[in-house]
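Trainee: Got a structure for you, questions after.
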2 protein chains.
Amino acid sequence: MGVGDVSKRILLGRKLRSSQLGETLLPKRIALPVFASDALSSVAYAPDEVFIMLSLAGASAYVWSWKVALAVAVVMAVVLASYRQTVHAYPSGGGDYEVAKVNLGDTAGTTVASALLVDYVLTVAVSISAGSQYAAAALPFLSGHEATFGVVLVVVLMAINLRGIRESGAVFAVPTYLFMISIGTMVVVGALRWLGGTLPRAESADLTIIPEQGLDGPLTTIGLLFLLARAFSSGCAALTGVEAVSNGVPAFQRPKSKNAATTLALLGLIAISMMISVIVLAREIGVRLVDPADFDRLYRAGAPVPDDYDQHTAISQIAEAVFQGFPPGFYLTVTVTGVILVLAANTAFNGFPVLGSILARDGFAPRALGSRGDRLAYSNGIVALALMAIVLIWAFDAEVTRLIQLYIVGVFVSFNLSQLGMIRHWTRELREEKDPARRHTIYRSRVINTVGLALTAVVLVIIVVTKFLAGAWITILAMGFFFVVMRAIRTHYDRVGAELAADEEDKVLPTRVHAIVLVSKLHKPTLRALAFAKATRPNALEGVYVATDAASTSALMEEWDERRIDLPLKVLHSPYRELVRPVVDYANEIRRANPRGVVAVYIPEYVVGHWWEQLLHNQTALRLKGRLLFCPGVMVISVPYQLRSSEAARERAYDDDTRVRPGDLRRGQVRDR
Amino acid sequence: MGVGDVSKRILLGRKLRSSQLGETLLPKRIALPVFASDALSSVAYAPDEVFIMLSLAGASAYVWSWKVALAVAVVMAVVLASYRQTVHAYPSGGGDYEVAKVNLGDTAGTTVASALLVDYVLTVAVSISAGSQYAAAALPFLSGHEATFGVVLVVVLMAINLRGIRESGAVFAVPTYLFMISIGTMVVVGALRWLGGTLPRAESADLTIIPEQGLDGPLTTIGLLFLLARAFSSGCAALTGVEAVSNGVPAFQRPKSKNAATTLALLGLIAISMMISVIVLAREIGVRLVDPADFDRLYRAGAPVPDDYDQHTAISQIAEAVFQGFPPGFYLTVTVTGVILVLAANTAFNGFPVLGSILARDGFAPRALGSRGDRLAYSNGIVALALMAIVLIWAFDAEVTRLIQLYIVGVFVSFNLSQLGMIRHWTRELREEKDPARRHTIYRSRVINTVGLALTAVVLVIIVVTKFLAGAWITILAMGFFFVVMRAIRTHYDRVGAELAADEEDKVLPTRVHAIVLVSKLHKPTLRALAFAKATRPNALEGVYVATDAASTSALMEEWDERRIDLPLKVLHSPYRELVRPVVDYANEIRRANPRGVVAVYIPEYVVGHWWEQLLHNQTALRLKGRLLFCPGVMVISVPYQLRSSEAARERAYDDDTRVRPGDLRRGQVRDR
């Protein structure tokens with residue numbers, strides 16, 4: 001059995017399996033880690049941002065920390081409740097984009113899509129930056145090189161995704177559950193030691209924070225409110241990633257929507273309790289955090305800390321304190337936190353192609369993104385995503401605090417539009433629904449979404465007000481850019497569609513077929529093309545040769561006679577050694593002589609296996625095909641001749657077809673090889 | 001009359017003219033500047049290199065300068081005499097490459113070709129570096145930025161040649177004659193002022209050169225010989241560019257060979273007298289030059305010159321002295337020298353594609369280089385040439401003295417092989433020639449070439465010995481690289497040729513044609529493809545649709561019925577949204593069912609006008625075509641549908657066809673628009 005046969009066997013084998021798709025869907029215990037890693041990972045940086053913002057008014061403002069945490073928790077609970085409505089109403093996995101588009105129209109849909117695209121970039125940038133900070137906490141030699149390390153991580157993720165790695169449940173399940181367990185253990189041990197009075201102080205507990213100018217006196221009410229608003233909006237970073245579940249509904253086991261809703265509830269419970277515990281514990285052990293740009297406000301024993309002061313994240317400091325005397329506990333906690341942040345970044349690489357294919361289906365992105373097979377389109381998307389993330393990490397020096405300012409706008413823009421869309425959705429349902437029990441449920445859902453909209457709208461305003469100058473303007477600009485590009489693509493497709501719409505005269509048959517076979521030499525490919533052309537029995541058939549010098553022309557003509565090829569050979573003279581133009585001109589000439597006929601141009605091509613062989617062959621054929629396509633009434637027929645080396649390329653193409661594409665898992669397209 | 005008609009009219013108009021090619025050939029007075037600019041421009045740097053080498057033993061060694069110049073002049077005279085033989089024997093313009101290949105075989109031919117390729121790169125690097133030095137002499141603010149300025153010049157030349165500029169006789173004639181006139185005037189005025197005793201001293205005349213260690217005492221005979229050998233081999237840079245005439249014979253007016261030979265003689269006379277005059281005058285006014293790396297050996301009034309000492313070339317210093325009190329004379333001389341150096345560099349951009357097309361014809365370079373039309377192939381070549389030159393200019397900081405070490409090896413390798421080839425040529429001629437008068441001429445020619453070989457062989461040995469470590473090894477390495485690549489390409493073509501050679505069974509006709517038309521939507525392109533496919537009356541014909549979701553599938557099937565398309569529609573299910581694989585598999589299936597038939601796959605394509613539109617369309621069609629070509633017994637038929645925007649692309653393609661290609665002039669392909 002040849003290699004080709006084996007390939008075919010495998011291929012057919014798989015074909016049978018394709019109707020049994022449900023079999024490979026994710027149970028809740030696997031779906032939770034797959035879709036929740038992004039949302040849970042924000043516990044690794046959101047608490048820090050609350051403390052950093054509060055620190056502007058000195059460590060005394062930390063008394064507000066648990067209240068801010070509570071506010072964030074309330075918003076999160078409401079948002080998750082809203083998404084539970086979404087997964088029931090829109091189980092197709094279109095998520096916020098679909099909700100906004102269906103209920104509010106294309107403009108809202110593309111706005112959400114722009115926000116999501118920007119979010120994917122920022123998810124990579126923020127998660128990887130936070131991950132580098134954890135790595136630096138565990139591996140001191142990385143301190144000060146966080147940006148470089150982050151860039152390396154992004155490049156590695158990019159390479160893995162280009163290569164085509166299977167996003168597997170196991171890869172997510174182990175670290176995500178380990179993360180939950182280690183944070184849980186840390187919190188429980190911390191609480192016990194606290195109750196027992198043996199909880200050590202944080203490494204930064206003896207630091208003094210000098211409040212920022214203007215915030216150093218007793219605060220005015222407005223000043224305090226603004227400070228809390230800033231802390232709150234930074235804390236809202238904890239909400240990023242919750243929409244992932246609504247995009248992943250197709251990957252859940254049946255009943256899909258119910259399982260997804262349960263997973264969402266679980267996710268909310270875990271995320272909220274983690275966040276509040278971390279903030280309370282951090283305050284208890286006296287963690288002191290400031291913006292890395294403001295280390296000059298940090299004093300130890302009356303003197304400012306050195307310039308190379310190494311600030312560790314809240315979770316690192318808690319783990320360090322709680323597991324004092326048991327270093328493995330510290331290292332495990334920090335390591336799994338770092339791993340889960342990298343997984344969260346990888347989530348973006350998988351979510352991006354899924355969104356791309358949905359946008360392509362609606363005509364807002366190049367259509368090639370819509371089919372699973374287009375490796376090139378995926379590759380370009382993955383490289384673009386990685387490059388944008390690298391630019392951000394580099395420009396912001398991997399400082400999470402500065403990147404966070406850009407992050408949350410997009411998330412809340414899509415929250416808002418999606419809530420608004422859901423309200424419309426329920427209102428429309430109400431119009432048609434008669435069953436009182438069902439109407440009651442719909443009413444309840446609409447109330448939930450209305451509360452969600454009210455709350456997220458307030459938060460969005462707070463975020464824009466507090467963060468616009470700090471970086472949110474960049475996000476808004478980027479969203480505008482994506483929005484304009486998507487609209488332009490759609491306009492183009494619409495215009496082309498109108499131009500292509502069929503009418504009755506399109507069915508007219510050409511009256512005759514005049515076939516010409518391009519001859520460069522009399523070798524196997526040419527003879528095959530002549531044979532194929534003959535087999536189609538055209539009304540007229542001739543060989544065409546472009547003569548650039550007399551010697552080879554007469555040699556060819558002699559061979560033509562010798563081989564008794566019973567067809568006329570037309571010789572086109574080309575004193576300037578041009579090959580393309582004479583053929584194009586001749587085809588046009590034939591067509592002019594018979595405007596209702598069609599000219600069939602047969603081009604013998606040999607198929608080679610390597611890109612460098614491709615450079616050495618068929619360049620002229622390629623150019624000629626490109627040019628002939630512009631001639632009306634001409635069809636271009638490639639007659640391939642497979643050289644032995646082409647076998648290698650065929651196998652590569654087969655491998656490529658069967659290769660895993662990023663986002664497969666999220667679309668419920670998990671297959672075994 | 002539409003734009004298309006106008007195009008056609010112009011096109012046909014030109015076609016008539018193509019037999020009157022001779023009309024546009026170059027008279028001697030234009031051919032001299034076109035082909036001699038490269039050789040003459042070396043007068044702008046070769047004398048300097050002689051002085052710089054001699055300066056190793058201090059300014060006292062300058063007494064040898066005119067003797068070295070004389071030696072170089074002798075070599076040049078002999079080489080030019082040899083080339084006069086070549087243009088008579090090989091008037092086709094293949095030059096050294098053809099001589100070596102025909103008489104000594106492929107290995108010698110590719111060796112010469114490698115040497116010439118390296119030479120083109122070095123011509124650009126050296127000429128532009130020298131040109132920047134002249135620019136710095138005239139424009140003091142460029143001093144110290146020669147490398148940057150040189151890189152900018154190369155980029156500009158590259159852009160001009162990519163854009164497609166006509167190498168015109170006038171562009172060469174004016175500056176080249178101006179160069180001859182200004183150097184001539186400078187020499188005459190200088191000689192008169194010298195005789196009158198009013199010749200000023202050079203600006204560097206009061207400098208003292210400390211000899212290099214080891215050369216500061218009285219020289220041993222061997223030491224002196226080695227010093228003179230080094231000066232001589234650097235001076236041989238004056239010989240670069242003389243082979244250009246032998247490559248340009250086809251562009252001369254009839255009698256081509258005779259005119260070319262006369263031009264060569266003239267070129268020799270002018271170059272030799274210029275070089276000797278410049279060296280004598282430079283010594284007379286006391287020019288002091290050292291390697292820019294050795295400024296610490298240069299003393300003024302007992303103290304070393306400052307680090308930023310600005311050393312001007314010999315011609316600048318002579319012009320400055322000779323035209324003292326008449327600045328326009330100085331500026332004109334320096335400017336035209338700079339201009340002619342840039343023209344010499346441009347020569348390489350024109351010579352490179354010509355060599356490429358000759359190599360392509362012989363199978364040593366990608367075949368696409370062989371046809372004039374391939375803009376892409378030319379563009380890549382031009383960009384590669386420019387990049388390599390930029391790397392050299394940058395790496396050697398635009399220092400001519402260091403670049404010269406790399407330059408001359410390649411030139412003399414091709415001189416040697418070409419002389420050897422000519423000797424073989426004459427020997428073979430002698431074997432067949434009976435006429436005594438003609439035999440006498442052949443004998444004389446053979447003697448000339450033998451003397452030439454002997455001399456150039458000695459020079460080559462001197463060059464390799466004196467320059468190997470100074471940089472010639474880089475050249476030899478680069479030549480080896482080009483050699484290996486060319487041989488590999490040839491081997492590949494030979495192997496493919498053997499695999500493609502036709503035998504008798506290749507004439508067997510396929511028994512039946514099974515046509516399938518790919519349907520994505522029922523729009524104009526699809527209907528056209530269906531009509532074209534029907535017109536070819538295949539044995540079986542069906543539409544094929546890849547179904548990725550149920551809704552659009554049933555919509556299409558409904559429309560198929562509504563439009564009364566009386567063909568079967570085959571629906572291929574693709575649950576994973578793959579488009580390419582199902583079609584490929586189906587085509588293979590048909591073929592398996594009927595191994596002696598052929599499958600004709602019709603692909604409707606719409607043709608758009610801009611690259612960004614191309615990104616939005618046909619990506620799948622393109623990928624599908626690529627994949628189908630690997631299936632034996634399948635032919636792929638593109639049925640184009642021209643969208644309105646494609647008109648723009650058609651016009652661009654036409655412009656591109658008529659655009660001038662670099663090297664056109666050298667091949668005698670001068671056309672008026």
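Please note that chains go A, B, ... in the order of the structure tokens, that every chain numbers its residues from 1, and that ligands are numbered from 1 in the order shown.
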Give the residues of chain A that lie within 6 Å of chain B; count only C-alpha atoms, and format the answer as a count of residues only.

Mentor: 23

Trainee: Under the rule of at most 9 Å, produce a per-residue listing of region 315-356 of chain B near region 241-250 of chain B: chain, number, name, the closest pair of atoms, and the distance in Å, as a tab-separated table, using only C-alpha atoms.

Mentor:
```
residue	atom	partner	partner_atom	distance
B:Ala344	CA	B:Gly241	CA	8.5
B:Thr347	CA	B:Ala244	CA	8.8
B:Gly351	CA	B:Ala244	CA	8.1
B:Val354	CA	B:Asn247	CA	8.7
B:Leu355	CA	B:Asn247	CA	8.8
```

Trainee: Select from region 583-627 of chain B everything DSSP, run on the backbone, classes as alpha helix (DSSP H), then give the selection as a list in words.

Mentor: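 Result set for region 583-627 of chain B (alpha helix (DSSP H)): Val583, Val584, Asp585, Tyr586, Ala587, Asn588, Glu589, Ile590, Arg591, Arg592, Ala593, Trp611, Trp612, Glu613, Gln614, Leu615, Leu616, Gln619, Thr620, Ala621, Leu622, Arg623, Leu624, Lys625, Gly626 and Arg627 of chain B.
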
Trainee: Which residues, written as a list in words, have at least one atom at most 12 Å from Phe481 (chain B), with only C-alpha atoms counted and residues fewer than 2 positions away on the same chain left out?

Mentor: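 That gives Thr110, Thr111, Ala113, Ser114, Ala115, Leu117, Val118, Ile474, Thr475, Ile476, Leu477, Ala478, Met479, Phe483, Val484, Val485, Met486, Arg487 and Ala488 of chain B.
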
Trainee: Produce a file of the selected residues containing N, CA and C atoms, as a PDB file, in the first residue's frame.

Mentor:
```pdb
ATOM      1  N   THR B 110      30.351  28.922 -16.229  1.00  0.00           N
ATOM      2  CA  THR B 110      29.713  29.343 -14.975  1.00  0.00           C
ATOM      3  C   THR B 110      30.705  30.032 -14.062  1.00  0.00           C
ATOM      4  N   THR B 111      32.000  29.653 -14.144  1.00  0.00           N
ATOM      5  CA  THR B 111      32.979  30.376 -13.338  1.00  0.00           C
ATOM      6  C   THR B 111      32.998  31.842 -13.746  1.00  0.00           C
ATOM      7  N   ALA B 113      30.641  33.460 -15.234  1.00  0.00           N
ATOM      8  CA  ALA B 113      29.372  34.083 -14.854  1.00  0.00           C
ATOM      9  C   ALA B 113      29.373  34.456 -13.376  1.00  0.00           C
ATOM     10  N   SER B 114      29.910  33.559 -12.531  1.00  0.00           N
ATOM     11  CA  SER B 114      29.977  33.883 -11.100  1.00  0.00           C
ATOM     12  C   SER B 114      30.822  35.131 -10.888  1.00  0.00           C
ATOM     13  N   ALA B 115      31.974  35.169 -11.599  1.00  0.00           N
ATOM     14  CA  ALA B 115      32.857  36.322 -11.445  1.00  0.00           C
ATOM     15  C   ALA B 115      32.135  37.594 -11.867  1.00  0.00           C
ATOM     16  N   LEU B 117      28.877  38.177 -11.906  1.00  0.00           N
ATOM     17  CA  LEU B 117      27.822  38.533 -10.945  1.00  0.00           C
ATOM     18  C   LEU B 117      28.427  39.283  -9.761  1.00  0.00           C
ATOM     19  N   VAL B 118      29.536  38.727  -9.238  1.00  0.00           N
ATOM     20  CA  VAL B 118      30.198  39.394  -8.120  1.00  0.00           C
ATOM     21  C   VAL B 118      30.660  40.784  -8.545  1.00  0.00           C
ATOM     22  N   ILE B 474      36.789  37.082   0.253  1.00  0.00           N
ATOM     23  CA  ILE B 474      35.339  37.277   0.259  1.00  0.00           C
ATOM     24  C   ILE B 474      34.790  37.085  -1.153  1.00  0.00           C
ATOM     25  N   THR B 475      35.485  37.698  -2.113  1.00  0.00           N
ATOM     26  CA  THR B 475      35.064  37.577  -3.500  1.00  0.00           C
ATOM     27  C   THR B 475      35.068  36.129  -3.947  1.00  0.00           C
ATOM     28  N   ILE B 476      36.157  35.429  -3.597  1.00  0.00           N
ATOM     29  CA  ILE B 476      36.287  34.044  -4.055  1.00  0.00           C
ATOM     30  C   ILE B 476      35.174  33.191  -3.448  1.00  0.00           C
ATOM     31  N   LEU B 477      34.872  33.461  -2.169  1.00  0.00           N
ATOM     32  CA  LEU B 477      33.773  32.758  -1.500  1.00  0.00           C
ATOM     33  C   LEU B 477      32.450  33.044  -2.207  1.00  0.00           C
ATOM     34  N   ALA B 478      32.203  34.311  -2.518  1.00  0.00           N
ATOM     35  CA  ALA B 478      30.942  34.687  -3.162  1.00  0.00           C
ATOM     36  C   ALA B 478      30.844  34.034  -4.535  1.00  0.00           C
ATOM     37  N   MET B 479      31.979  34.031  -5.266  1.00  0.00           N
ATOM     38  CA  MET B 479      31.978  33.380  -6.577  1.00  0.00           C
ATOM     39  C   MET B 479      31.633  31.908  -6.437  1.00  0.00           C
ATOM     40  N   PHE B 483      28.545  30.005  -8.139  1.00  0.00           N
ATOM     41  CA  PHE B 483      28.862  28.860  -8.980  1.00  0.00           C
ATOM     42  C   PHE B 483      28.018  27.649  -8.580  1.00  0.00           C
ATOM     43  N   VAL B 484      28.017  27.359  -7.286  1.00  0.00           N
ATOM     44  CA  VAL B 484      27.284  26.182  -6.808  1.00  0.00           C
ATOM     45  C   VAL B 484      25.789  26.310  -7.115  1.00  0.00           C
ATOM     46  N   VAL B 485      25.227  27.515  -6.880  1.00  0.00           N
ATOM     47  CA  VAL B 485      23.804  27.708  -7.136  1.00  0.00           C
ATOM     48  C   VAL B 485      23.489  27.496  -8.618  1.00  0.00           C
ATOM     49  N   MET B 486      24.327  28.062  -9.488  1.00  0.00           N
ATOM     50  CA  MET B 486      24.061  27.920 -10.926  1.00  0.00           C
ATOM     51  C   MET B 486      24.134  26.470 -11.371  1.00  0.00           C
ATOM     52  N   ARG B 487      25.116  25.750 -10.838  1.00  0.00           N
ATOM     53  CA  ARG B 487      25.223  24.348 -11.215  1.00  0.00           C
ATOM     54  C   ARG B 487      24.024  23.564 -10.701  1.00  0.00           C
ATOM     55  N   ALA B 488      23.576  23.889  -9.490  1.00  0.00           N
ATOM     56  CA  ALA B 488      22.433  23.171  -8.929  1.00  0.00           C
ATOM     57  C   ALA B 488      21.189  23.419  -9.770  1.00  0.00           C
TER      58      ALA B 488
END
```

Trainee: Could you list, as a PyMOL selection string, every residue within 9 Å of Ala265 (chain A), counting only C-alpha atoms and ignoring same-chain residues fewer than 2 positions away?

Mentor: chain A and resi 77+80-81+84+260-263+267-270

Trainee: Could you please take those selected residues and save all heavy atoms as an mmCIF file, in the first residue's frame?

Mentor:
```cif
data_model
loop_
_atom_site.group_PDB
_atom_site.id
_atom_site.type_symbol
_atom_site.label_atom_id
_atom_site.label_comp_id
_atom_site.auth_asym_id
_atom_site.auth_seq_id
_atom_site.Cartn_x
_atom_site.Cartn_y
_atom_site.Cartn_z
ATOM 1 N N ALA A 77 -21.180 39.617 39.369
ATOM 2 C CA ALA A 77 -22.339 38.739 39.548
ATOM 3 C C ALA A 77 -23.444 39.117 38.570
ATOM 4 O O ALA A 77 -24.052 38.255 37.917
ATOM 5 C CB ALA A 77 -22.836 38.835 40.989
ATOM 6 N N LEU A 80 -22.460 38.151 34.984
ATOM 7 C CA LEU A 80 -22.551 36.717 34.759
ATOM 8 C C LEU A 80 -24.001 36.274 34.652
ATOM 9 O O LEU A 80 -24.345 35.425 33.815
ATOM 10 C CB LEU A 80 -21.829 35.959 35.869
ATOM 11 C CG LEU A 80 -20.305 36.014 35.726
ATOM 12 C CD1 LEU A 80 -19.615 35.586 37.006
ATOM 13 C CD2 LEU A 80 -19.850 35.124 34.576
ATOM 14 N N ALA A 81 -24.850 36.867 35.485
ATOM 15 C CA ALA A 81 -26.278 36.543 35.392
ATOM 16 C C ALA A 81 -26.802 36.910 34.003
ATOM 17 O O ALA A 81 -27.589 36.170 33.393
ATOM 18 C CB ALA A 81 -27.050 37.295 36.469
ATOM 19 N N ARG A 84 -25.783 34.395 31.448
ATOM 20 C CA ARG A 84 -26.575 33.172 31.522
ATOM 21 C C ARG A 84 -27.817 33.292 30.628
ATOM 22 O O ARG A 84 -28.251 32.318 30.023
ATOM 23 C CB ARG A 84 -26.973 32.877 32.966
ATOM 24 C CG ARG A 84 -25.831 32.237 33.773
ATOM 25 C CD ARG A 84 -26.123 32.263 35.267
ATOM 26 N NE ARG A 84 -27.409 31.650 35.594
ATOM 27 C CZ ARG A 84 -27.573 30.367 35.913
ATOM 28 N NH1 ARG A 84 -26.534 29.562 35.896
ATOM 29 N NH2 ARG A 84 -28.758 29.898 36.219
ATOM 30 N N ALA A 260 -23.671 25.352 29.788
ATOM 31 C CA ALA A 260 -22.894 26.584 29.728
ATOM 32 C C ALA A 260 -23.319 27.525 30.837
ATOM 33 O O ALA A 260 -22.478 28.160 31.491
ATOM 34 C CB ALA A 260 -23.079 27.244 28.363
ATOM 35 N N ALA A 261 -24.629 27.592 31.094
ATOM 36 C CA ALA A 261 -25.118 28.486 32.140
ATOM 37 C C ALA A 261 -24.609 28.045 33.508
ATOM 38 O O ALA A 261 -24.170 28.863 34.328
ATOM 39 C CB ALA A 261 -26.642 28.525 32.113
ATOM 40 N N THR A 262 -24.617 26.740 33.752
ATOM 41 C CA THR A 262 -24.107 26.226 35.025
ATOM 42 C C THR A 262 -22.629 26.569 35.174
ATOM 43 O O THR A 262 -22.166 26.993 36.241
ATOM 44 C CB THR A 262 -24.277 24.690 35.073
ATOM 45 O OG1 THR A 262 -25.606 24.373 34.652
ATOM 46 C CG2 THR A 262 -24.013 24.166 36.460
ATOM 47 N N THR A 263 -21.889 26.380 34.074
ATOM 48 C CA THR A 263 -20.465 26.691 34.113
ATOM 49 C C THR A 263 -20.248 28.163 34.440
ATOM 50 O O THR A 263 -19.354 28.513 35.221
ATOM 51 C CB THR A 263 -19.827 26.341 32.753
ATOM 52 O OG1 THR A 263 -20.134 24.990 32.450
ATOM 53 C CG2 THR A 263 -18.338 26.545 32.784
ATOM 54 N N LEU A 267 -18.187 29.595 37.519
ATOM 55 C CA LEU A 267 -17.087 30.502 37.250
ATOM 56 C C LEU A 267 -17.213 31.755 38.110
ATOM 57 O O LEU A 267 -16.247 32.206 38.740
ATOM 58 C CB LEU A 267 -17.097 30.863 35.756
ATOM 59 C CG LEU A 267 -16.293 32.089 35.332
ATOM 60 C CD1 LEU A 267 -14.818 31.876 35.617
ATOM 61 C CD2 LEU A 267 -16.490 32.346 33.851
ATOM 62 N N GLY A 268 -18.464 32.302 38.165
ATOM 63 C CA GLY A 268 -18.672 33.515 38.945
ATOM 64 C C GLY A 268 -18.359 33.281 40.414
ATOM 65 O O GLY A 268 -17.634 34.057 41.042
ATOM 66 N N LEU A 269 -18.857 32.173 40.930
ATOM 67 C CA LEU A 269 -18.647 31.857 42.337
ATOM 68 C C LEU A 269 -17.157 31.789 42.652
ATOM 69 O O LEU A 269 -16.669 32.399 43.620
ATOM 70 C CB LEU A 269 -19.307 30.497 42.618
ATOM 71 C CG LEU A 269 -19.707 30.254 44.061
ATOM 72 C CD1 LEU A 269 -20.841 31.192 44.449
ATOM 73 C CD2 LEU A 269 -20.123 28.790 44.252
ATOM 74 N N ILE A 270 -16.435 31.057 41.829
ATOM 75 C CA ILE A 270 -15.004 30.860 42.088
ATOM 76 C C ILE A 270 -14.248 32.178 41.965
ATOM 77 O O ILE A 270 -13.439 32.542 42.829
ATOM 78 C CB ILE A 270 -14.422 29.816 41.110
ATOM 79 C CG1 ILE A 270 -15.122 28.478 41.311
ATOM 80 C CG2 ILE A 270 -12.937 29.677 41.301
ATOM 81 C CD1 ILE A 270 -14.822 27.467 40.224
#
```
